[in-house]
$ cat run_4.cif   # mmCIF, C-alpha atoms; chains and numbers go by the auth columns
data_protein
#
loop_
_atom_site.group_PDB
_atom_site.id
_atom_site.type_symbol
_atom_site.label_atom_id
_atom_site.label_comp_id
_atom_site.label_asym_id
_atom_site.label_seq_id
_atom_site.Cartn_x
_atom_site.Cartn_y
_atom_site.Cartn_z
_atom_site.B_iso_or_equiv
_atom_site.auth_seq_id
_atom_site.auth_asym_id
ATOM 1 C CA MET A 1 108.278 94.675 155.650 0.00 1453 A
ATOM 2 C CA SER A 2 110.641 94.700 158.600 0.00 1454 A
ATOM 3 C CA ARG A 3 113.382 92.148 159.043 0.00 1455 A
ATOM 4 C CA PRO A 4 112.137 89.095 160.985 0.00 1456 A
ATOM 5 C CA THR A 5 113.384 88.830 164.565 0.00 1457 A
ATOM 6 C CA ALA A 6 112.627 86.606 167.520 0.00 1458 A
ATOM 7 C CA ALA A 7 109.635 88.873 168.179 0.00 1459 A
ATOM 8 C CA THR A 8 108.463 88.775 164.541 0.00 1460 A
ATOM 9 C CA PRO A 9 109.375 85.393 163.099 0.00 1461 A
ATOM 10 C CA LEU A 10 109.797 84.683 159.415 0.00 1462 A
ATOM 11 C CA ARG A 11 106.473 83.195 158.273 0.00 1463 A
ATOM 12 C CA VAL A 12 106.710 80.138 156.031 0.00 1464 A
ATOM 13 C CA SER A 13 104.503 77.202 155.085 0.00 1465 A
ATOM 14 C CA ALA A 14 105.438 73.627 154.293 0.00 1466 A
ATOM 15 C CA LEU A 15 103.872 70.501 152.896 0.00 1467 A
ATOM 16 C CA LEU A 16 104.031 67.115 154.626 0.00 1468 A
ATOM 17 C CA LEU A 17 103.674 64.285 152.124 0.00 1469 A
ATOM 18 C CA VAL A 18 104.083 60.977 153.959 0.00 1470 A
ATOM 19 C CA ARG A 19 104.402 57.599 152.227 0.00 1471 A
ATOM 20 C CA ASP A 20 105.609 54.306 153.641 0.00 1472 A
ATOM 21 C CA ARG A 21 106.478 56.011 156.955 0.00 1473 A
ATOM 22 C CA ARG A 22 108.799 58.500 155.217 0.00 1474 A
ATOM 23 C CA VAL A 23 108.231 62.198 154.499 0.00 1475 A
ATOM 24 C CA LEU A 24 109.130 64.035 151.305 0.00 1476 A
ATOM 25 C CA MET A 25 111.926 66.590 151.573 0.00 1477 A
ATOM 26 C CA VAL A 26 113.911 68.551 149.010 0.00 1478 A
ATOM 27 C CA ARG A 27 117.512 69.665 148.787 0.00 1479 A
ATOM 28 C CA ALA A 28 117.593 73.258 147.601 0.00 1480 A
ATOM 29 C CA ARG A 29 119.868 74.160 144.707 0.00 1481 A
ATOM 30 C CA GLY A 30 123.459 74.347 145.934 0.00 1482 A
ATOM 31 C CA ARG A 31 122.571 73.586 149.571 0.00 1483 A
ATOM 32 C CA ASP A 32 123.526 70.595 151.697 0.00 1484 A
ATOM 33 C CA VAL A 33 120.480 70.480 153.986 0.00 1485 A
ATOM 34 C CA LEU A 34 117.053 68.976 153.467 0.00 1486 A
ATOM 35 C CA TYR A 35 113.921 71.107 153.645 0.00 1487 A
ATOM 36 C CA LEU A 36 110.232 70.344 153.512 0.00 1488 A
ATOM 37 C CA PRO A 37 108.658 71.564 150.265 0.00 1489 A
ATOM 38 C CA GLY A 38 107.500 75.075 151.083 0.00 1490 A
ATOM 39 C CA GLY A 39 108.524 78.651 151.557 0.00 1491 A
ATOM 40 C CA LYS A 40 107.447 82.198 152.303 0.00 1492 A
ATOM 41 C CA ALA A 41 103.898 83.324 151.625 0.00 1493 A
ATOM 42 C CA GLU A 42 103.336 86.120 149.135 0.00 1494 A
ATOM 43 C CA THR A 43 101.508 89.104 150.639 0.00 1495 A
ATOM 44 C CA HIS A 44 98.170 88.009 149.117 0.00 1496 A
ATOM 45 C CA GLU A 45 98.454 84.342 150.150 0.00 1497 A
ATOM 46 C CA THR A 46 97.217 82.377 153.120 0.00 1498 A
ATOM 47 C CA ASP A 47 99.567 79.866 154.721 0.00 1499 A
ATOM 48 C CA VAL A 48 97.895 76.940 152.957 0.00 1500 A
ATOM 49 C CA GLU A 49 97.979 78.713 149.573 0.00 1501 A
ATOM 50 C CA ALA A 50 101.710 79.314 150.009 0.00 1502 A
ATOM 51 C CA ALA A 51 102.344 75.654 150.863 0.00 1503 A
ATOM 52 C CA LEU A 52 100.420 74.491 147.787 0.00 1504 A
ATOM 53 C CA ARG A 53 102.158 76.954 145.452 0.00 1505 A
ATOM 54 C CA GLU A 54 105.618 76.127 146.768 0.00 1506 A
ATOM 55 C CA ALA A 55 104.946 72.371 146.542 0.00 1507 A
ATOM 56 C CA LEU A 56 104.007 72.800 142.882 0.00 1508 A
ATOM 57 C CA GLU A 57 107.067 74.962 142.166 0.00 1509 A
ATOM 58 C CA GLU A 58 109.505 72.635 143.940 0.00 1510 A
ATOM 59 C CA THR A 59 108.102 69.156 143.255 0.00 1511 A
ATOM 60 C CA GLY A 60 105.513 69.463 140.479 0.00 1512 A
ATOM 61 C CA LEU A 61 102.775 68.191 142.801 0.00 1513 A
ATOM 62 C CA ARG A 62 99.457 69.884 142.059 0.00 1514 A
ATOM 63 C CA LEU A 63 97.328 70.008 145.223 0.00 1515 A
ATOM 64 C CA THR A 64 94.193 71.767 146.363 0.00 1516 A
ATOM 65 C CA GLU A 65 93.185 72.911 149.831 0.00 1517 A
ATOM 66 C CA GLN A 66 90.937 69.822 150.027 0.00 1518 A
ATOM 67 C CA ASP A 67 94.032 67.596 149.722 0.00 1519 A
ATOM 68 C CA VAL A 68 95.634 68.857 152.949 0.00 1520 A
ATOM 69 C CA GLU A 69 94.878 69.421 156.607 0.00 1521 A
ATOM 70 C CA PRO A 70 96.687 71.605 159.158 0.00 1522 A
ATOM 71 C CA PHE A 71 99.342 69.804 161.207 0.00 1523 A
ATOM 72 C CA GLY A 72 100.395 72.671 163.476 0.00 1524 A
ATOM 73 C CA THR A 73 103.172 75.245 163.433 0.00 1525 A
ATOM 74 C CA VAL A 74 106.772 74.884 164.539 0.00 1526 A
ATOM 75 C CA LEU A 75 108.730 77.843 165.891 0.00 1527 A
ATOM 76 C CA GLU A 76 112.481 77.307 165.644 0.00 1528 A
ATOM 77 C CA PRO A 77 115.693 79.231 164.880 0.00 1529 A
ATOM 78 C CA ALA A 78 115.795 80.107 161.178 0.00 1530 A
ATOM 79 C CA HIS A 79 118.507 78.259 159.246 0.00 1531 A
ATOM 80 C CA GLY A 80 120.937 80.508 157.366 0.00 1532 A
ATOM 81 C CA GLN A 81 119.501 83.732 158.814 0.00 1533 A
ATOM 82 C CA ALA A 82 120.881 86.284 161.273 0.00 1534 A
ATOM 83 C CA PRO A 83 121.340 85.012 164.841 0.00 1535 A
ATOM 84 C CA GLY A 84 118.123 85.358 166.825 0.00 1536 A
ATOM 85 C CA THR A 85 115.909 85.109 163.739 0.00 1537 A
ATOM 86 C CA MET A 86 113.094 82.633 164.229 0.00 1538 A
ATOM 87 C CA VAL A 87 110.916 80.850 161.691 0.00 1539 A
ATOM 88 C CA ALA A 88 107.236 80.038 162.233 0.00 1540 A
ATOM 89 C CA MET A 89 106.517 77.190 159.817 0.00 1541 A
ATOM 90 C CA ALA A 90 102.859 76.271 159.261 0.00 1542 A
ATOM 91 C CA LEU A 91 102.624 72.587 158.380 0.00 1543 A
ATOM 92 C CA PHE A 92 100.022 71.017 156.107 0.00 1544 A
ATOM 93 C CA LEU A 93 99.667 67.244 155.948 0.00 1545 A
ATOM 94 C CA VAL A 94 98.556 65.683 152.662 0.00 1546 A
ATOM 95 C CA ARG A 95 95.517 63.502 153.315 0.00 1547 A
ATOM 96 C CA PRO A 96 96.126 59.865 152.334 0.00 1548 A
ATOM 97 C CA GLY A 97 93.842 58.066 149.924 0.00 1549 A
ATOM 98 C CA GLY A 98 93.767 60.693 147.194 0.00 1550 A
ATOM 99 C CA THR A 99 95.249 60.948 143.719 0.00 1551 A
ATOM 100 C CA LEU A 100 98.538 62.123 145.238 0.00 1552 A
ATOM 101 C CA ASP A 101 99.178 58.663 146.683 0.00 1553 A
ATOM 102 C CA SER A 102 100.502 57.665 143.265 0.00 1554 A
ATOM 103 C CA ALA A 103 101.874 61.027 142.069 0.00 1555 A
ATOM 104 C CA THR A 104 105.628 61.165 141.604 0.00 1556 A
ATOM 105 C CA PRO A 105 107.325 64.289 142.966 0.00 1557 A
ATOM 106 C CA VAL A 106 110.162 65.564 140.786 0.00 1558 A
ATOM 107 C CA ALA A 107 112.924 68.073 141.456 0.00 1559 A
ATOM 108 C CA SER A 108 112.250 71.432 139.822 0.00 1560 A
ATOM 109 C CA ALA A 109 114.650 74.135 138.738 0.00 1561 A
ATOM 110 C CA GLU A 110 114.613 75.353 142.360 0.00 1562 A
ATOM 111 C CA VAL A 111 115.774 72.093 143.941 0.00 1563 A
ATOM 112 C CA ASP A 112 118.562 69.621 143.195 0.00 1564 A
ATOM 113 C CA GLU A 113 116.696 66.539 144.395 0.00 1565 A
ATOM 114 C CA VAL A 114 113.682 65.165 146.205 0.00 1566 A
ATOM 115 C CA GLU A 115 114.210 62.571 148.893 0.00 1567 A
ATOM 116 C CA TRP A 116 112.019 60.430 151.168 0.00 1568 A
ATOM 117 C CA VAL A 117 113.369 60.670 154.732 0.00 1569 A
ATOM 118 C CA THR A 118 112.858 59.312 158.241 0.00 1570 A
ATOM 119 C CA SER A 119 113.900 60.600 161.647 0.00 1571 A
ATOM 120 C CA ALA A 120 117.308 59.012 160.983 0.00 1572 A
ATOM 121 C CA ASP A 121 117.917 61.913 158.555 0.00 1573 A
ATOM 122 C CA ALA A 122 117.337 64.622 161.192 0.00 1574 A
ATOM 123 C CA GLY A 123 121.048 65.490 161.211 0.00 1575 A
ATOM 124 C CA ARG A 124 120.683 66.697 157.614 0.00 1576 A
ATOM 125 C CA CYS A 125 117.805 69.062 158.441 0.00 1577 A
ATOM 126 C CA PRO A 126 117.584 72.618 159.828 0.00 1578 A
ATOM 127 C CA PRO A 127 115.970 73.091 163.268 0.00 1579 A
ATOM 128 C CA ALA A 128 112.387 73.430 161.938 0.00 1580 A
ATOM 129 C CA GLY A 129 112.809 70.200 159.968 0.00 1581 A
ATOM 130 C CA VAL A 130 114.174 68.387 163.015 0.00 1582 A
ATOM 131 C CA GLU A 131 111.182 69.492 165.105 0.00 1583 A
ATOM 132 C CA THR A 132 108.781 68.514 162.314 0.00 1584 A
ATOM 133 C CA LEU A 133 110.325 65.031 162.108 0.00 1585 A
ATOM 134 C CA ARG A 134 109.960 64.734 165.891 0.00 1586 A
ATOM 135 C CA ARG A 135 106.254 65.602 165.632 0.00 1587 A
ATOM 136 C CA LEU A 136 105.715 63.174 162.744 0.00 1588 A
ATOM 137 C CA VAL A 137 107.317 60.380 164.796 0.00 1589 A
ATOM 138 C CA ALA A 138 105.179 61.328 167.825 0.00 1590 A
ATOM 139 C CA ALA A 139 102.074 61.119 165.592 0.00 1591 A
ATOM 140 C CA ASP A 140 103.257 57.647 164.465 0.00 1592 A
ATOM 141 C CA LEU A 141 103.419 58.727 160.828 0.00 1593 A
ATOM 142 C CA VAL A 142 107.187 58.509 160.204 0.00 1594 A
ATOM 143 C CA ASP A 143 109.861 56.137 161.518 0.00 1595 A
#
$ encode --input "run_4.cif" --output "structure tokens"
Amino acid sequence: MSRPTAATPLRVSALLLVRDRRVLMVRARGRDVLYLPGGKAETHETDVEAALREALEETGLRLTEQDVEPFGTVLEPAHGQAPGTMVAMALFLVRPGGTLDSATPVASAEVDEVEWVTSADAGRCPPAGVETLRRLVAADLVD
């Protein structure tokens, strides 16, 4: 696979779990920024499958495709990548009212901590996270 560029963005998927007007984010091992649970899709995975797998790996949350709905895609400069590299992050919103409303996300071996954030935490997020917070606020889901 070729190196992602502005013309061919890095394809990732992320999970949006919102509770009490805050969204779940994780701090990756040894990093100082907050990310949405998610990551790159394996070659055999769809965007939603990648989001579900990464959420399980990073937070222990076991979801199915029926638990989520598409929330759009953000296209922003990729954090920690070569200048000009863009990321296209497909977002999947966890539907409220299911068993996950009471599930407790936990930090896995891949992440140092899980944290519930609002738009006030945007300064701790990479560009795709900032844009996602903006969209969650616009949708009146997060403060």
$ resolve_selection --input "run_4.cif" --expression "the PyMOL selection byres ((chain A and resi 1572) around 12)" --output "ChimeraX atom specification"
/A:1473-1475,1568-1571,1573-1577,1582,1585-1586,1589,1594-1595
$ axis_aligned_box --input "run_4.cif" --around "segment 1514-1529 of chain A" --padding-each-side "3 Å" --output "AutoDock Vina command-line options"
--center_x 103.3 --center_y 73.4 --center_z 154.0 --size_x 30.8 --size_y 17.6 --size_z 29.8
$ resolve_selection --input "run_4.cif" --expression "the PyMOL selection byres ((chain A and resi 1484) around 12)" --output "JSON, numbers by chain"
{"A": [1478, 1479, 1480, 1481, 1482, 1483, 1485, 1486, 1487, 1531, 1532, 1563, 1564, 1565, 1575, 1576, 1577, 1578]}
$ closest_residue --input "run_4.cif" --among "A:Asp1472, A:Leu1467, A:Pro1461, A:Gly1512" --to "Asp1592 of chain A" --atoms "all atoms listed in the file"
A:Asp1472
$ atom_distance --input "run_4.cif" --atom1 "atom CA of Ala1507 of chain A" --atom2 "atom CA of Ala1534 of chain A"
25.8 Å
$ closest_residue --input "run_4.cif" --among "A:Leu1469, A:Leu1488, A:Leu1513, A:Ala1502" --to "Ser1560 of chain A" --atoms "all atoms listed in the file"
A:Leu1513
$ atom_distance --input "run_4.cif" --atom1 "atom CA of Gly1536 of chain A" --atom2 "atom CA of Ala1590 of chain A"
27.3 Å
$ closest_residue --input "run_4.cif" --among "A:Ala1559, A:Val1464, A:Leu1476, A:Ala1530" --to "Leu1588 of chain A" --atoms "all atoms listed in the file"
A:Leu1476
$ closest_residue --input "run_4.cif" --among "A:Leu1462, A:Leu1593, A:Met1541, A:Val1470" --to "Asp1499 of chain A" --atoms "only C-alpha atoms"
A:Met1541
$ resolve_selection --input "run_4.cif" --expression "the PyMOL selection byres ((chain A and resi 1517) around 8)" --output "PyMOL selection string"
chain A and resi 1500-1501+1504+1515-1516+1518-1521
$ residues_near_point --input "run_4.cif" --point "(106.3, 80.0, 154.7)" --cutoff "9 Å" --atoms "all atoms listed in the file" --output "PDB file with C-alpha atoms, in the frame of the given file"
ATOM      1  CA  LEU A1462     109.797  84.683 159.415  1.00  0.00           C
ATOM      2  CA  ARG A1463     106.473  83.195 158.273  1.00  0.00           C
ATOM      3  CA  VAL A1464     106.710  80.138 156.031  1.00  0.00           C
ATOM      4  CA  SER A1465     104.503  77.202 155.085  1.00  0.00           C
ATOM      5  CA  ALA A1466     105.438  73.627 154.293  1.00  0.00           C
ATOM      6  CA  GLY A1490     107.500  75.075 151.083  1.00  0.00           C
ATOM      7  CA  GLY A1491     108.524  78.651 151.557  1.00  0.00           C
ATOM      8  CA  LYS A1492     107.447  82.198 152.303  1.00  0.00           C
ATOM      9  CA  ALA A1493     103.898  83.324 151.625  1.00  0.00           C
ATOM     10  CA  GLU A1494     103.336  86.120 149.135  1.00  0.00           C
ATOM     11  CA  ASP A1499      99.567  79.866 154.721  1.00  0.00           C
ATOM     12  CA  ALA A1502     101.710  79.314 150.009  1.00  0.00           C
ATOM     13  CA  ALA A1503     102.344  75.654 150.863  1.00  0.00           C
ATOM     14  CA  GLU A1506     105.618  76.127 146.768  1.00  0.00           C
ATOM     15  CA  VAL A1539     110.916  80.850 161.691  1.00  0.00           C
ATOM     16  CA  ALA A1540     107.236  80.038 162.233  1.00  0.00           C
ATOM     17  CA  MET A1541     106.517  77.190 159.817  1.00  0.00           C
ATOM     18  CA  ALA A1542     102.859  76.271 159.261  1.00  0.00           C
TER      19      ALA A1542
END
$ closest_residue --input "run_4.cif" --among "A:Leu1543, A:Thr1495, A:Val1526, A:Arg1514" --to "Leu1468 of chain A" --atoms "all atoms listed in the file"
A:Leu1543
$ residues_near_point --input "run_4.cif" --point "(111.7, 76.0, 162.9)" --cutoff "6 Å" --atoms "all atoms listed in the file" --output "PyMOL selection string"
chain A and resi 1526-1529+1539+1579-1580
$ atom_distance --input "run_4.cif" --atom1 "atom CA of Gly1549 of chain A" --atom2 "atom CA of Thr1525 of chain A"
23.8 Å
$ closest_residue --input "run_4.cif" --among "A:Phe1544, A:Thr1537, A:Met1477, A:Thr1556" --to "Gly1524 of chain A" --atoms "only C-alpha atoms"
A:Phe1544
$ build_atoms --input "run_4.cif" --residues "segment 1460-1483 of chain A" --atoms "N, CA, C and O atoms" --output "PDB file, in the frame of the given file"
ATOM      1  N   THR A1460     109.262  88.882 165.772  1.00  0.00           N
ATOM      2  CA  THR A1460     108.463  88.775 164.541  1.00  0.00           C
ATOM      3  C   THR A1460     109.100  87.717 163.652  1.00  0.00           C
ATOM      4  O   THR A1460     109.963  88.015 162.823  1.00  0.00           O
ATOM      5  N   PRO A1461     108.718  86.474 163.852  1.00  0.00           N
ATOM      6  CA  PRO A1461     109.375  85.393 163.099  1.00  0.00           C
ATOM      7  C   PRO A1461     109.084  85.453 161.609  1.00  0.00           C
ATOM      8  O   PRO A1461     108.070  86.006 161.171  1.00  0.00           O
ATOM      9  N   LEU A1462     109.969  84.859 160.845  1.00  0.00           N
ATOM     10  CA  LEU A1462     109.797  84.683 159.415  1.00  0.00           C
ATOM     11  C   LEU A1462     108.667  83.675 159.221  1.00  0.00           C
ATOM     12  O   LEU A1462     108.707  82.582 159.783  1.00  0.00           O
ATOM     13  N   ARG A1463     107.648  84.053 158.454  1.00  0.00           N
ATOM     14  CA  ARG A1463     106.473  83.195 158.273  1.00  0.00           C
ATOM     15  C   ARG A1463     106.644  82.363 157.006  1.00  0.00           C
ATOM     16  O   ARG A1463     106.800  82.913 155.918  1.00  0.00           O
ATOM     17  N   VAL A1464     106.619  81.051 157.168  1.00  0.00           N
ATOM     18  CA  VAL A1464     106.710  80.138 156.031  1.00  0.00           C
ATOM     19  C   VAL A1464     105.674  79.033 156.186  1.00  0.00           C
ATOM     20  O   VAL A1464     105.119  78.831 157.265  1.00  0.00           O
ATOM     21  N   SER A1465     105.431  78.333 155.095  1.00  0.00           N
ATOM     22  CA  SER A1465     104.503  77.202 155.085  1.00  0.00           C
ATOM     23  C   SER A1465     105.195  76.020 154.441  1.00  0.00           C
ATOM     24  O   SER A1465     106.039  76.201 153.567  1.00  0.00           O
ATOM     25  N   ALA A1466     104.818  74.821 154.854  1.00  0.00           N
ATOM     26  CA  ALA A1466     105.438  73.627 154.293  1.00  0.00           C
ATOM     27  C   ALA A1466     104.429  72.499 154.156  1.00  0.00           C
ATOM     28  O   ALA A1466     103.455  72.419 154.904  1.00  0.00           O
ATOM     29  N   LEU A1467     104.714  71.644 153.196  1.00  0.00           N
ATOM     30  CA  LEU A1467     103.872  70.501 152.896  1.00  0.00           C
ATOM     31  C   LEU A1467     104.467  69.236 153.497  1.00  0.00           C
ATOM     32  O   LEU A1467     105.683  69.024 153.417  1.00  0.00           O
ATOM     33  N   LEU A1468     103.613  68.408 154.091  1.00  0.00           N
ATOM     34  CA  LEU A1468     104.031  67.115 154.626  1.00  0.00           C
ATOM     35  C   LEU A1468     103.373  66.032 153.792  1.00  0.00           C
ATOM     36  O   LEU A1468     102.184  65.774 153.916  1.00  0.00           O
ATOM     37  N   LEU A1469     104.160  65.415 152.910  1.00  0.00           N
ATOM     38  CA  LEU A1469     103.674  64.285 152.124  1.00  0.00           C
ATOM     39  C   LEU A1469     104.352  63.043 152.677  1.00  0.00           C
ATOM     40  O   LEU A1469     105.580  62.899 152.579  1.00  0.00           O
ATOM     41  N   VAL A1470     103.558  62.167 153.301  1.00  0.00           N
ATOM     42  CA  VAL A1470     104.083  60.977 153.959  1.00  0.00           C
ATOM     43  C   VAL A1470     103.665  59.747 153.162  1.00  0.00           C
ATOM     44  O   VAL A1470     102.492  59.587 152.826  1.00  0.00           O
ATOM     45  N   ARG A1471     104.648  58.898 152.869  1.00  0.00           N
ATOM     46  CA  ARG A1471     104.402  57.599 152.227  1.00  0.00           C
ATOM     47  C   ARG A1471     105.327  56.568 152.855  1.00  0.00           C
ATOM     48  O   ARG A1471     106.512  56.840 153.041  1.00  0.00           O
ATOM     49  N   ASP A1472     104.796  55.411 153.116  1.00  0.00           N
ATOM     50  CA  ASP A1472     105.609  54.306 153.641  1.00  0.00           C
ATOM     51  C   ASP A1472     106.456  54.744 154.836  1.00  0.00           C
ATOM     52  O   ASP A1472     107.639  54.420 154.927  1.00  0.00           O
ATOM     53  N   ARG A1473     105.847  55.548 155.714  1.00  0.00           N
ATOM     54  CA  ARG A1473     106.478  56.011 156.955  1.00  0.00           C
ATOM     55  C   ARG A1473     107.708  56.878 156.710  1.00  0.00           C
ATOM     56  O   ARG A1473     108.603  56.967 157.538  1.00  0.00           O
ATOM     57  N   ARG A1474     107.741  57.534 155.552  1.00  0.00           N
ATOM     58  CA  ARG A1474     108.799  58.500 155.217  1.00  0.00           C
ATOM     59  C   ARG A1474     108.121  59.780 154.746  1.00  0.00           C
ATOM     60  O   ARG A1474     107.019  59.748 154.205  1.00  0.00           O
ATOM     61  N   VAL A1475     108.785  60.915 154.917  1.00  0.00           N
ATOM     62  CA  VAL A1475     108.231  62.198 154.499  1.00  0.00           C
ATOM     63  C   VAL A1475     109.097  62.771 153.365  1.00  0.00           C
ATOM     64  O   VAL A1475     110.319  62.590 153.355  1.00  0.00           O
ATOM     65  N   LEU A1476     108.437  63.431 152.441  1.00  0.00           N
ATOM     66  CA  LEU A1476     109.130  64.035 151.305  1.00  0.00           C
ATOM     67  C   LEU A1476     109.868  65.295 151.740  1.00  0.00           C
ATOM     68  O   LEU A1476     109.287  66.167 152.391  1.00  0.00           O
ATOM     69  N   MET A1477     111.144  65.371 151.371  1.00  0.00           N
ATOM     70  CA  MET A1477     111.926  66.590 151.573  1.00  0.00           C
ATOM     71  C   MET A1477     112.673  66.893 150.280  1.00  0.00           C
ATOM     72  O   MET A1477     112.788  66.039 149.397  1.00  0.00           O
ATOM     73  N   VAL A1478     113.164  68.121 150.194  1.00  0.00           N
ATOM     74  CA  VAL A1478     113.911  68.551 149.010  1.00  0.00           C
ATOM     75  C   VAL A1478     115.251  69.118 149.452  1.00  0.00           C
ATOM     76  O   VAL A1478     115.398  69.603 150.574  1.00  0.00           O
ATOM     77  N   ARG A1479     116.216  69.019 148.553  1.00  0.00           N
ATOM     78  CA  ARG A1479     117.512  69.665 148.787  1.00  0.00           C
ATOM     79  C   ARG A1479     117.583  70.843 147.837  1.00  0.00           C
ATOM     80  O   ARG A1479     117.576  70.671 146.615  1.00  0.00           O
ATOM     81  N   ALA A1480     117.591  72.036 148.405  1.00  0.00           N
ATOM     82  CA  ALA A1480     117.593  73.258 147.601  1.00  0.00           C
ATOM     83  C   ALA A1480     118.865  73.350 146.767  1.00  0.00           C
ATOM     84  O   ALA A1480     119.917  72.824 147.148  1.00  0.00           O
ATOM     85  N   ARG A1481     118.756  73.994 145.639  1.00  0.00           N
ATOM     86  CA  ARG A1481     119.868  74.160 144.707  1.00  0.00           C
ATOM     87  C   ARG A1481     121.104  74.683 145.434  1.00  0.00           C
ATOM     88  O   ARG A1481     121.053  75.702 146.114  1.00  0.00           O
ATOM     89  N   GLY A1482     122.194  73.930 145.359  1.00  0.00           N
ATOM     90  CA  GLY A1482     123.459  74.347 145.934  1.00  0.00           C
ATOM     91  C   GLY A1482     123.547  74.274 147.452  1.00  0.00           C
ATOM     92  O   GLY A1482     124.501  74.761 148.029  1.00  0.00           O
ATOM     93  N   ARG A1483     122.565  73.686 148.107  1.00  0.00           N
ATOM     94  CA  ARG A1483     122.571  73.586 149.571  1.00  0.00           C
ATOM     95  C   ARG A1483     122.846  72.139 149.977  1.00  0.00           C
ATOM     96  O   ARG A1483     122.655  71.221 149.187  1.00  0.00           O
TER      97      ARG A1483
END
